[in-house]
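Chemist: Sending over data-v1.txt (compact mmCIF, C-alpha atoms).
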```txt
# COMPACT_ATOMS: atom_id res chain seq x y z
CA MET A 1 15.27 -68.11 -4.67
CA ASP A 2 14.07 -69.58 -1.40
CA LEU A 3 16.82 -70.92 0.80
CA ASN A 4 16.57 -72.25 4.30
CA LEU A 5 18.24 -70.28 7.03
CA GLU A 6 21.40 -72.38 7.43
CA VAL A 7 22.33 -72.25 3.77
CA PHE A 8 21.42 -68.57 3.57
CA SER A 9 23.61 -67.74 6.61
CA ILE A 10 26.59 -69.61 5.19
CA ILE A 11 26.37 -67.97 1.74
CA LEU A 12 25.87 -64.60 3.39
CA PHE A 13 28.88 -65.20 5.62
CA PHE A 14 31.18 -65.83 2.64
CA GLY A 15 29.68 -62.91 0.76
CA ALA A 16 30.36 -60.70 3.78
CA CYS A 17 33.95 -61.98 4.06
CA PHE A 18 34.49 -61.00 0.44
CA ALA A 19 32.83 -57.62 0.98
CA GLY A 20 35.03 -56.88 3.98
CA PHE A 21 38.15 -58.02 2.15
CA ILE A 22 37.52 -55.91 -0.96
CA GLY A 23 36.20 -53.03 1.13
CA SER A 24 39.35 -52.77 3.19
CA LEU A 25 41.66 -53.14 0.17
CA THR A 26 39.97 -50.37 -1.78
CA GLY A 27 39.07 -48.17 1.17
CA LEU A 28 35.40 -48.04 0.20
CA GLY A 29 34.22 -49.71 3.40
CA GLY A 30 31.82 -52.58 3.91
CA GLY A 31 28.41 -50.94 3.77
CA VAL A 32 28.69 -50.05 0.11
CA VAL A 33 28.95 -53.77 -0.74
CA VAL A 34 26.53 -55.16 1.83
CA ILE A 35 23.43 -53.33 0.55
CA PRO A 36 23.66 -54.52 -3.09
CA LEU A 37 24.63 -58.01 -1.87
CA LEU A 38 21.47 -58.27 0.23
CA THR A 39 18.99 -56.50 -2.02
CA LEU A 40 20.14 -57.47 -5.52
CA GLY A 41 21.76 -60.77 -4.52
CA PHE A 42 19.25 -62.19 -2.07
CA GLY A 43 16.11 -60.11 -2.62
CA VAL A 44 16.09 -58.86 0.98
CA ASP A 45 14.01 -55.81 1.86
CA MET A 46 15.97 -52.56 1.48
CA ARG A 47 15.30 -51.59 5.09
CA TYR A 48 16.81 -54.74 6.55
CA ALA A 49 19.78 -54.21 4.22
CA ILE A 50 20.32 -50.67 5.54
CA GLY A 51 20.19 -51.92 9.13
CA ALA A 52 22.78 -54.58 8.36
CA ALA A 53 25.01 -52.08 6.52
CA LEU A 54 25.00 -49.70 9.50
CA VAL A 55 26.20 -52.46 11.79
CA THR A 56 28.90 -53.30 9.22
CA SER A 57 30.06 -49.68 9.08
CA ILE A 58 30.49 -49.52 12.86
CA ALA A 59 32.39 -52.81 12.95
CA THR A 60 34.86 -51.93 10.19
CA SER A 61 35.38 -48.38 11.44
CA SER A 62 36.10 -49.38 15.03
CA GLY A 63 38.30 -52.25 13.88
CA ALA A 64 40.40 -50.03 11.62
CA ALA A 65 40.45 -47.07 14.03
CA ALA A 66 42.09 -49.27 16.66
CA ALA A 67 44.94 -49.87 14.19
CA TYR A 68 45.32 -46.25 13.04
CA ILE A 69 45.29 -44.59 16.43
CA LYS A 70 48.73 -45.92 17.32
CA GLU A 71 50.32 -43.93 14.55
CA GLY A 72 49.06 -40.68 16.07
CA ILE A 73 47.84 -39.12 12.84
CA THR A 74 44.13 -38.98 13.59
CA ASN A 75 43.22 -35.39 14.44
CA VAL A 76 40.76 -35.93 17.29
CA ARG A 77 39.83 -32.23 17.46
CA ILE A 78 38.86 -32.03 13.78
CA GLY A 79 37.01 -35.32 14.16
CA MET A 80 35.12 -34.24 17.23
CA PHE A 81 34.20 -30.80 15.91
CA LEU A 82 32.88 -32.21 12.61
CA GLU A 83 31.15 -34.97 14.56
CA ILE A 84 28.63 -32.36 15.71
CA ALA A 85 27.70 -31.96 12.04
CA THR A 86 27.63 -35.65 11.15
CA THR A 87 25.68 -36.86 14.21
CA THR A 88 23.07 -34.13 13.71
CA GLY A 89 22.89 -35.13 10.05
CA ALA A 90 22.73 -38.83 10.91
CA VAL A 91 19.74 -38.34 13.20
CA ILE A 92 17.96 -36.29 10.53
CA GLY A 93 18.81 -38.90 7.89
CA ALA A 94 17.53 -41.79 10.01
CA ILE A 95 14.27 -39.98 10.70
CA VAL A 96 13.80 -39.10 7.02
CA ALA A 97 14.52 -42.75 6.10
CA MET A 98 11.52 -43.88 8.16
CA TYR A 99 9.14 -41.86 6.02
CA LEU A 100 10.83 -41.87 2.63
CA ASP A 101 9.69 -44.28 -0.06
CA LYS A 102 12.07 -47.13 -0.94
CA VAL A 103 12.31 -45.92 -4.53
CA TYR A 104 14.00 -42.66 -3.49
CA ILE A 105 16.34 -44.45 -1.12
CA ALA A 106 17.44 -46.83 -3.90
CA VAL A 107 18.04 -43.95 -6.32
CA ILE A 108 19.96 -41.85 -3.77
CA PHE A 109 22.03 -44.90 -2.86
CA GLY A 110 22.83 -45.50 -6.54
CA CYS A 111 23.98 -41.90 -6.96
CA VAL A 112 26.20 -42.09 -3.86
CA LEU A 113 27.70 -45.33 -5.19
CA ILE A 114 28.52 -43.71 -8.52
CA PHE A 115 30.07 -40.77 -6.72
CA SER A 116 32.18 -43.08 -4.54
CA ALA A 117 33.31 -45.09 -7.56
CA VAL A 118 34.37 -41.97 -9.47
CA ARG A 119 36.11 -40.50 -6.42
CA SER A 120 38.08 -43.64 -5.72
CA ILE A 121 39.73 -43.64 -9.17
CA SER A 122 40.03 -39.90 -9.77
CA LYS A 123 43.49 -38.46 -9.37
CA LYS A 124 44.39 -36.87 -6.09
CA GLU A 125 45.42 -33.26 -6.22
CA GLU A 126 49.11 -32.96 -5.51
CA ASN A 127 51.49 -30.18 -4.59
CA ILE A 128 49.19 -28.50 -2.13
CA ASP A 129 50.93 -26.29 0.39
CA TYR A 130 49.31 -27.63 3.53
CA ALA A 131 51.22 -25.22 5.72
CA ALA A 132 49.70 -22.15 4.03
CA PRO A 133 47.88 -19.92 6.54
CA GLY A 134 44.42 -21.31 7.24
CA ASP A 135 41.21 -19.51 8.15
CA LYS A 136 40.57 -17.78 11.48
CA LEU A 137 37.82 -20.12 12.61
CA GLY A 138 40.15 -23.10 12.25
CA GLU A 139 42.70 -21.33 14.42
CA LYS A 140 40.12 -20.40 17.02
CA LEU A 141 38.92 -24.00 17.18
CA LYS A 142 42.52 -25.27 17.40
CA LEU A 143 42.03 -27.53 14.40
CA ASN A 144 45.51 -27.06 12.93
CA GLY A 145 47.87 -29.90 13.61
CA SER A 146 50.87 -31.92 12.53
CA TYR A 147 51.66 -35.49 11.63
CA PRO A 148 54.79 -37.62 11.23
CA THR A 149 55.85 -38.41 7.65
CA LYS A 150 57.53 -41.60 6.43
CA ASP A 151 61.04 -40.19 6.74
CA GLY A 152 60.44 -39.15 10.34
CA ARG A 153 59.81 -35.41 9.81
CA ILE A 154 56.91 -33.65 11.48
CA GLU A 155 54.68 -32.06 8.84
CA LYS A 156 52.48 -29.15 9.94
CA TYR A 157 49.15 -28.32 8.32
CA ASN A 158 46.58 -25.55 8.59
CA VAL A 159 42.88 -26.02 8.07
CA HIS A 160 40.91 -24.04 5.49
CA ASN A 161 37.24 -23.32 4.80
CA VAL A 162 35.91 -24.71 8.07
CA MET A 163 32.29 -23.76 7.40
CA GLY A 164 32.35 -25.37 3.94
CA GLY A 165 33.71 -28.57 5.43
CA TYR A 166 31.11 -28.44 8.20
CA SER A 167 28.25 -28.14 5.69
CA LEU A 168 29.55 -31.03 3.58
CA MET A 169 29.87 -33.09 6.75
CA THR A 170 26.24 -32.46 7.63
CA LEU A 171 25.31 -33.81 4.20
CA ALA A 172 27.59 -36.81 4.76
CA GLY A 173 25.82 -37.42 8.07
CA VAL A 174 22.37 -37.25 6.47
CA LEU A 175 23.40 -39.75 3.78
CA SER A 176 24.95 -42.01 6.37
CA GLY A 177 21.77 -42.03 8.46
CA LEU A 178 19.60 -42.46 5.38
CA LEU A 179 21.55 -45.28 3.73
CA GLY A 180 23.44 -46.96 6.55
CA ILE A 181 26.78 -46.44 4.88
CA GLY A 182 29.80 -44.68 6.31
CA SER A 183 29.84 -42.18 3.39
CA GLY A 184 33.60 -42.10 3.79
CA ALA A 185 34.06 -40.78 0.24
CA LEU A 186 32.07 -37.65 1.06
CA LYS A 187 33.82 -37.21 4.40
CA VAL A 188 37.23 -37.36 2.75
CA LEU A 189 36.02 -34.91 0.08
CA ALA A 190 34.97 -32.46 2.79
CA MET A 191 38.33 -32.70 4.53
CA ASP A 192 40.62 -33.03 1.49
CA THR A 193 39.12 -30.65 -0.98
CA ALA A 194 37.27 -28.15 1.18
CA MET A 195 39.41 -28.01 4.29
CA LYS A 196 42.73 -28.95 2.65
CA ILE A 197 43.75 -31.49 5.25
CA PRO A 198 46.55 -33.89 4.17
CA PHE A 199 45.20 -37.16 2.76
CA LYS A 200 46.71 -39.36 5.48
CA VAL A 201 45.13 -37.31 8.24
CA SER A 202 41.75 -36.99 6.51
CA THR A 203 41.47 -40.73 5.81
CA THR A 204 42.12 -41.79 9.39
CA THR A 205 40.05 -38.97 10.88
CA SER A 206 37.16 -39.84 8.55
CA ASN A 207 37.41 -43.44 9.66
CA PHE A 208 37.28 -42.34 13.29
CA MET A 209 34.11 -40.42 12.52
CA VAL A 210 32.30 -43.17 10.60
CA GLY A 211 31.80 -45.28 13.72
CA VAL A 212 30.37 -42.45 15.82
CA THR A 213 28.09 -41.25 13.01
CA ALA A 214 26.80 -44.75 12.31
CA ALA A 215 26.25 -45.42 16.02
CA ALA A 216 24.08 -42.29 16.26
CA SER A 217 21.69 -43.52 13.59
CA ALA A 218 21.98 -47.22 14.49
CA VAL A 219 20.15 -46.50 17.73
CA ILE A 220 17.11 -45.34 15.76
CA TYR A 221 17.30 -48.31 13.39
CA LEU A 222 17.50 -50.74 16.29
CA GLN A 223 14.45 -49.22 17.99
CA ARG A 224 12.53 -49.33 14.73
CA GLY A 225 13.27 -53.03 14.17
CA TYR A 226 15.44 -52.60 11.06
CA ILE A 227 18.37 -54.52 12.53
CA ASP A 228 17.67 -58.23 12.10
CA PRO A 229 19.75 -60.70 14.14
CA GLY A 230 19.66 -63.35 11.39
CA LEU A 231 21.30 -60.92 8.96
CA ALA A 232 23.55 -59.14 11.46
CA MET A 233 25.31 -62.27 12.65
CA PRO A 234 26.87 -63.64 9.43
CA ILE A 235 27.56 -60.12 8.18
CA VAL A 236 29.32 -58.70 11.24
CA VAL A 237 31.52 -61.74 11.68
CA GLY A 238 32.17 -62.14 7.94
CA VAL A 239 33.00 -58.51 7.22
CA LEU A 240 35.32 -58.26 10.21
CA LEU A 241 37.15 -61.40 9.20
CA GLY A 242 37.43 -60.24 5.58
CA ALA A 243 38.61 -56.76 6.61
CA PHE A 244 41.22 -58.30 8.89
CA PHE A 245 42.74 -60.35 6.06
CA GLY A 246 42.43 -57.39 3.71
CA SER A 247 44.45 -55.19 6.06
CA LYS A 248 47.08 -57.93 6.38
CA ILE A 249 47.74 -58.21 2.66
CA LEU A 250 47.15 -54.54 1.86
CA PRO A 251 50.82 -53.53 2.16
CA LYS A 252 51.82 -56.29 -0.27
CA THR A 253 49.35 -55.67 -3.07
CA ASN A 254 49.09 -53.25 -5.92
CA VAL A 255 45.66 -51.85 -5.23
CA LYS A 256 45.51 -49.55 -8.22
CA LYS A 257 44.18 -52.13 -10.66
CA LEU A 258 41.96 -53.68 -8.04
CA ARG A 259 40.49 -50.30 -7.22
CA MET A 260 39.81 -49.67 -10.90
CA LEU A 261 38.08 -53.03 -11.29
CA PHE A 262 36.09 -52.54 -8.12
CA SER A 263 34.98 -49.06 -9.20
CA VAL A 264 33.57 -50.52 -12.40
CA VAL A 265 31.71 -53.18 -10.40
CA ILE A 266 30.35 -50.54 -8.00
CA PHE A 267 29.25 -48.43 -10.95
CA LEU A 268 27.33 -51.36 -12.48
CA LEU A 269 25.77 -52.15 -9.11
CA ALA A 270 24.72 -48.52 -8.81
CA VAL A 271 22.99 -48.54 -12.19
CA SER A 272 21.28 -51.79 -11.30
CA MET A 273 20.13 -50.42 -7.92
CA ILE A 274 18.64 -47.36 -9.58
CA TYR A 275 16.94 -49.46 -12.27
CA ASN A 276 15.49 -51.95 -9.77
CA GLY A 277 14.43 -49.14 -7.48
CA ILE A 278 12.54 -47.29 -10.18
CA THR A 279 10.87 -50.41 -11.55
CA GLY A 280 9.78 -51.30 -8.00
CA LYS A 281 11.65 -54.59 -7.72
CA LEU A 282 13.36 -53.79 -4.46
CA MET B 1 48.18 -47.49 35.05
CA ASN B 2 46.20 -44.54 36.33
CA ILE B 3 44.13 -42.91 33.60
CA PHE B 4 43.36 -39.81 35.64
CA THR B 5 46.85 -38.34 35.70
CA LYS B 6 48.13 -35.67 33.38
CA GLU B 7 51.19 -37.71 32.42
CA PHE B 8 49.04 -40.54 31.17
CA TRP B 9 47.40 -38.21 28.64
CA ALA B 10 50.47 -36.26 27.75
CA GLU B 11 52.27 -39.46 26.79
CA ARG B 12 49.50 -40.28 24.36
CA ASP B 13 48.81 -43.29 26.50
CA MET B 14 45.17 -42.34 26.42
CA GLU B 15 45.10 -42.82 22.69
CA LEU B 16 46.57 -46.27 23.15
CA PHE B 17 43.98 -46.89 25.80
CA ILE B 18 41.21 -45.83 23.40
CA GLY B 19 42.70 -48.03 20.71
CA LYS B 20 42.56 -50.96 23.09
CA LEU B 21 39.00 -50.07 24.05
CA LEU B 22 37.96 -50.17 20.39
CA ARG B 23 39.68 -53.47 19.79
CA TYR B 24 38.18 -55.08 22.90
CA GLY B 25 34.75 -53.70 22.01
CA VAL B 26 34.85 -55.12 18.49
CA THR B 27 36.27 -58.47 19.62
CA LEU B 28 33.69 -58.79 22.39
CA ALA B 29 30.83 -57.87 20.04
CA CYS B 30 32.10 -60.34 17.45
CA GLY B 31 32.36 -63.11 20.06
CA ILE B 32 28.88 -62.54 21.50
CA THR B 33 27.38 -62.34 18.01
CA LEU B 34 29.08 -65.55 16.92
CA LEU B 35 27.93 -67.42 20.04
CA GLY B 36 24.39 -66.10 19.61
CA GLY B 37 24.52 -67.01 15.93
CA ILE B 38 25.29 -70.65 16.61
CA ILE B 39 22.44 -70.87 19.15
CA TYR B 40 20.18 -68.98 16.74
CA LEU B 41 20.82 -71.44 13.93
CA PHE B 42 19.98 -74.39 16.22
CA GLN B 43 16.81 -72.71 17.47
CA ASN B 44 15.63 -71.74 13.99
CA HIS B 45 16.48 -74.97 12.27
CA GLY B 46 14.98 -75.25 8.80
CA VAL B 47 13.25 -71.85 8.87
CA SER B 48 12.80 -70.26 5.44
CA MET B 49 14.06 -66.76 4.73
CA GLU B 50 10.71 -65.71 3.30
CA HIS B 51 10.19 -62.95 5.89
CA TYR B 52 13.12 -60.95 4.51
CA ARG B 53 11.27 -60.36 1.24
CA PRO B 54 10.40 -56.75 0.46
CA THR B 55 7.03 -55.63 1.76
CA PRO B 56 4.76 -54.48 -1.09
CA ASP B 57 4.13 -50.76 -1.46
CA GLY B 58 1.60 -49.32 0.91
CA GLN B 59 1.98 -52.02 3.53
CA PRO B 60 3.74 -51.15 6.78
CA PHE B 61 7.23 -52.58 7.28
CA PRO B 62 6.92 -55.36 9.88
CA GLY B 63 10.53 -55.23 11.17
CA VAL B 64 11.97 -57.62 13.71
CA GLU B 65 10.03 -58.79 16.75
CA HIS B 66 9.47 -56.09 19.34
CA TYR B 67 11.49 -57.63 22.13
CA LEU B 68 14.63 -57.39 19.93
CA ARG B 69 14.44 -53.61 19.68
CA GLU B 70 15.50 -52.46 23.14
CA LEU B 71 18.18 -53.43 25.58
CA SER B 72 15.68 -53.62 28.46
CA THR B 73 13.75 -56.38 26.69
CA ILE B 74 16.81 -58.02 25.06
CA ILE B 75 18.65 -58.73 28.35
CA PRO B 76 15.97 -60.97 29.98
CA ARG B 77 15.84 -63.07 26.80
CA VAL B 78 19.64 -63.35 26.73
CA LEU B 79 19.48 -64.97 30.16
CA SER B 80 17.14 -67.60 28.79
CA PHE B 81 19.58 -68.35 25.93
CA ASP B 82 17.51 -66.89 23.13
CA GLY B 83 19.92 -66.87 20.15
CA ALA B 84 18.37 -63.85 18.47
CA ALA B 85 18.57 -61.84 21.69
CA ILE B 86 22.24 -62.77 22.19
CA ILE B 87 23.04 -61.57 18.66
CA GLN B 88 21.24 -58.29 19.37
CA LEU B 89 23.27 -57.92 22.58
CA GLY B 90 26.42 -58.25 20.46
CA VAL B 91 25.07 -55.55 18.12
CA CYS B 92 24.39 -53.31 21.15
CA VAL B 93 27.98 -53.77 22.36
CA LEU B 94 29.15 -52.85 18.86
CA ILE B 95 27.00 -49.69 18.82
CA ALA B 96 28.19 -48.77 22.33
CA THR B 97 31.90 -49.00 21.41
CA PRO B 98 32.27 -45.71 19.45
CA ILE B 99 29.91 -43.95 21.89
CA LEU B 100 32.14 -45.01 24.79
CA ARG B 101 35.07 -43.68 22.84
CA VAL B 102 33.45 -40.24 22.70
CA ALA B 103 32.72 -40.42 26.43
CA PHE B 104 36.38 -41.15 27.17
CA SER B 105 37.44 -38.22 25.01
CA VAL B 106 35.46 -35.91 27.33
CA ILE B 107 37.63 -37.08 30.23
CA GLY B 108 40.70 -36.68 28.05
CA PHE B 109 39.98 -33.06 27.15
CA LEU B 110 39.00 -32.33 30.76
CA ILE B 111 42.39 -33.47 32.03
CA GLU B 112 44.13 -31.51 29.26
CA LYS B 113 42.10 -28.51 30.52
CA ASP B 114 40.85 -27.93 26.98
CA TYR B 115 37.40 -26.78 28.06
CA MET B 116 36.29 -25.74 24.58
CA TYR B 117 36.65 -29.32 23.42
CA VAL B 118 35.05 -30.66 26.59
CA VAL B 119 31.98 -28.70 25.46
CA VAL B 120 32.29 -29.80 21.80
CA THR B 121 32.56 -33.46 22.83
CA LEU B 122 29.69 -33.13 25.28
CA ILE B 123 27.51 -31.72 22.49
CA VAL B 124 28.27 -34.79 20.36
CA LEU B 125 27.54 -37.06 23.30
CA CYS B 126 24.28 -35.23 24.07
CA ILE B 127 23.05 -35.61 20.48
CA ILE B 128 23.62 -39.36 20.62
CA VAL B 129 22.21 -39.86 24.13
CA ALA B 130 19.16 -37.62 23.55
CA ASN B 131 18.49 -39.56 20.37
CA MET B 132 18.73 -42.80 22.33
CA LEU B 133 16.43 -41.67 25.15
CA LEU B 134 13.82 -39.83 23.12
CA GLY B 135 13.75 -42.56 20.51
CA LEU B 136 11.11 -42.90 17.84
CA HIS B 137 8.74 -45.37 19.33
```
Just give me the structure as structure tokens.
Modeler:
Amino acid sequence: MDLNLEVFSIILFFGACFAGFIGSLTGLGGGVVVIPLLTLGFGVDMRYAIGAALVTSIATSSGAAAAYIKEGITNVRIGMFLEIATTTGAVIGAIVAMYLDKVYIAVIFGCVLIFSAVRSISKKEENIDYAAPGDKLGEKLKLNGSYPTKDGRIEKYNVHNVMGGYSLMTLAGVLSGLLGIGSGALKVLAMDTAMKIPFKVSTTTSNFMVGVTAAASAVIYLQRGYIDPGLAMPIVVGVLLGAFFGSKILPKTNVKKLRMLFSVVIFLLAVSMIYNGITGKL
Amino acid sequence: MNIFTKEFWAERDMELFIGKLLRYGVTLACGITLLGGIIYLFQNHGVSMEHYRPTPDGQPFPGVEHYLRELSTIIPRVLSFDGAAIIQLGVCVLIATPILRVAFSVIGFLIEKDYMYVVVTLIVLCIIVANMLLGLH
């Protein structure tokens, strides 16, 4: 497929709109869709695709964070403390990406996609006592907080297993720097499952972190020439537009079925990424 | 609105301020990128997308042209209406937005007299800035 630039930009723009729309409805973010779209869909080099995905992650994260922050549920202290882990990881990941063969990157990306797909449809653990006493480190770091519930009460929560969460976050940072994605699924896992932070707080805090993590590795990608203006333009504008409409209709839709469908699509994309990576077609 | 008073922070106004900062940053980046994109399409009329093809194994990755990789070389080209450079400027604004947010949090924690988190936030900022300055040229 050899298109001229105008046609390519227009198709890419609509593809990015769709990616942003679906990404914001299902909470999987834009980067996860952008990489398969570019590599499998248009036969673009994996490294340009990662550069474009990073830019997408920053755009969607900052756009959504501006909306969440008003509600006052983002825990800035948790975010900032774990940011030390993710930015360190992101720098390591970006450096490793420069020297790692494309085959490995494609396979790792496929595995992360499968993990995200499974996580997005697996049942959330309920009936957790968030107010149970947390660990001492969390208290020392003043990570415990509270958030307003729907019926106007203030719900308190205590943070558990801070070191476990910190280690998982470092891994999330490495993957984010390596693949250009926000790795939101892993971030939420670290906060939900390891640190036992309420879902609402962990989702918004994770979103707050995605932008900072991606910015840390984007600097390296920019300097290395992985961020191409011809790809960045239709994708940034398209994804933002799509995410905007997605967030508008989100309250009115039943996302459960959509999420299920999307997870299946992501899973198939993952298998295809791994296959194409191993057979050297990427 | 004075952002250096304690009341401003206590009232969570700072968070609103940061929210606005993020929104302006994203909107500005989107606008610059769109403008650059239109110019870019006119300047690269009829160009094929062949150069995006994967590089074969063993060959070095060419990447984008060198002047598009650093702000110091992007800016002069922006002034001469180079579409690609304008898009990259938009990307730089986008990258700067969350970093600025971290920088503002330092001020926030400083005014709250939460010195532990001033240090934590400064560490995050240092990692990003050091990474930017040292670079991997």
Chemist: Using only C-alpha atoms, find the residues of chain B whose closest atom to chain A is at most 6 Å away, then write them as a list of chain:residue names.
Modeler: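 Result, ordered by chain then number: B:Gly19, B:Leu22, B:Arg23, B:Cys30, B:Thr33, B:Gly37, B:Gly46, B:Val47, B:Ser48, B:Met49, B:Tyr52, B:Arg53, B:Pro54, B:Gly63, B:Val64, B:Arg69, B:Ala84, B:Ile87, B:Gln88, B:Ile95, B:Pro98, B:Val124, B:Ile128.
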Chemist: One decimal, in Å: what's the spacing between CA of Leu68 in chain B and CA of Phe244 in chain A?
Modeler: 28.8 Å
Chemist: Go ahead and compute the interatomic distance for CA of Gly145 in chain A and CA of Leu100 in chain B, in Å to one decimal.
Modeler: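 Interatomic distance here is 24.5 Å.
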Chemist: Restricting the calculation to all atoms listed in the file: of B:Ile111, B:Ile99, B:Val106, B:Ile75, which residue gets closest to Ile127 in chain B?
Modeler: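 With all atoms listed in the file as the atom set, the closest residue is B:Ile99.
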Chemist: Please determine an axis-aligned box that encloses all atoms of range 24-42 of chain B listed in the file, with 8 Å added on each side, and express its centre and edge lengths in Å to one decimal as JSON.
Modeler:
```
{"center_x": 29.1, "center_y": -64.0, "center_z": 18.4, "size_x": 34.2, "size_y": 36.7, "size_z": 25.0}
```
Chemist: What is the distance between CA of Leu269 in chain A and CA of Ala19 in chain A, in Å to one decimal?
Modeler: 13.5 Å
Chemist: With a distance cut-off of 8 Å and all atoms listed in the file, select the neighbouring residues of Arg77 in chain B, excluding the residue or stretch itself and same-chain residues fewer than 5 positions from it, and output the selection as a PyMOL selection string.
Modeler: chain B and resi 82+85-86
Chemist: Have a look at A:Thr170, A:Gly180, A:Asp151, A:Asn161 and name the one nearest to Ala194 in chain A; count all atoms listed in the file.
Modeler: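 Of all the options, A:Asn161 lies closest to Ala194 in chain A.
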Chemist: I'd like to know which of A:Gly152, A:Gly165, A:Gly51, A:Pro36 is closest to Val91 in chain B, using only C-alpha atoms.
Modeler: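 Counting only C-alpha atoms, the residue closest to Val91 in chain B is A:Gly51.
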Chemist: For Ala270 in chain A, which of A:Gly173, A:Pro198, A:Gly30, A:Gly110 is the closest residue, counting only C-alpha atoms?
Modeler: A:Gly110
Chemist: Nearest residue to Thr204 in chain A out of A:Ile78, A:Met169, A:Leu261, A:Leu25, using only C-alpha atoms?
Modeler: A:Ile78
Chemist: From the structure just shown, export range 24-38 of chain B with N, CA and C atoms as a JSON list (two decimals), in the first residue's frame.
Modeler:
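Below you can see result-v1.json, which holds the result:
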```
[["chain", "number", "residue", "atom", "x", "y", "z"],
["B", 24, "TYR", "N", -5.21, 24.49, 28.95],
["B", 24, "TYR", "CA", -4.60, 25.46, 28.03],
["B", 24, "TYR", "C", -3.45, 24.82, 27.27],
["B", 25, "GLY", "N", -2.63, 24.05, 27.99],
["B", 25, "GLY", "CA", -1.47, 23.41, 27.36],
["B", 25, "GLY", "C", -1.89, 22.51, 26.22],
["B", 26, "VAL", "N", -2.90, 21.66, 26.47],
["B", 26, "VAL", "CA", -3.36, 20.73, 25.44],
["B", 26, "VAL", "C", -3.99, 21.48, 24.27],
["B", 27, "THR", "N", -4.80, 22.49, 24.59],
["B", 27, "THR", "CA", -5.46, 23.25, 23.52],
["B", 27, "THR", "C", -4.42, 23.97, 22.66],
["B", 28, "LEU", "N", -3.46, 24.60, 23.33],
["B", 28, "LEU", "CA", -2.41, 25.32, 22.61],
["B", 28, "LEU", "C", -1.62, 24.37, 21.71],
["B", 29, "ALA", "N", -1.22, 23.22, 22.28],
["B", 29, "ALA", "CA", -0.45, 22.24, 21.52],
["B", 29, "ALA", "C", -1.25, 21.76, 20.31],
["B", 30, "CYS", "N", -2.54, 21.51, 20.53],
["B", 30, "CYS", "CA", -3.41, 21.04, 19.46],
["B", 30, "CYS", "C", -3.51, 22.09, 18.36],
["B", 31, "GLY", "N", -3.67, 23.36, 18.75],
["B", 31, "GLY", "CA", -3.78, 24.45, 17.79],
["B", 31, "GLY", "C", -2.52, 24.61, 16.96],
["B", 32, "ILE", "N", -1.37, 24.64, 17.63],
["B", 32, "ILE", "CA", -0.09, 24.80, 16.92],
["B", 32, "ILE", "C", 0.11, 23.63, 15.95],
["B", 33, "THR", "N", -0.18, 22.40, 16.45],
["B", 33, "THR", "CA", 0.02, 21.22, 15.62],
["B", 33, "THR", "C", -0.87, 21.25, 14.38],
["B", 34, "LEU", "N", -2.12, 21.68, 14.58],
["B", 34, "LEU", "CA", -3.06, 21.74, 13.47],
["B", 34, "LEU", "C", -2.60, 22.75, 12.42],
["B", 35, "LEU", "N", -2.19, 23.94, 12.90],
["B", 35, "LEU", "CA", -1.70, 24.99, 12.00],
["B", 35, "LEU", "C", -0.48, 24.48, 11.22],
["B", 36, "GLY", "N", 0.48, 23.90, 11.98],
["B", 36, "GLY", "CA", 1.67, 23.35, 11.33],
["B", 36, "GLY", "C", 1.32, 22.27, 10.34],
["B", 37, "GLY", "N", 0.32, 21.46, 10.69],
["B", 37, "GLY", "CA", -0.10, 20.36, 9.83],
["B", 37, "GLY", "C", -0.61, 20.84, 8.48],
["B", 38, "ILE", "N", -1.39, 21.91, 8.52],
["B", 38, "ILE", "CA", -1.93, 22.44, 7.25],
["B", 38, "ILE", "C", -0.78, 22.95, 6.37]]
```
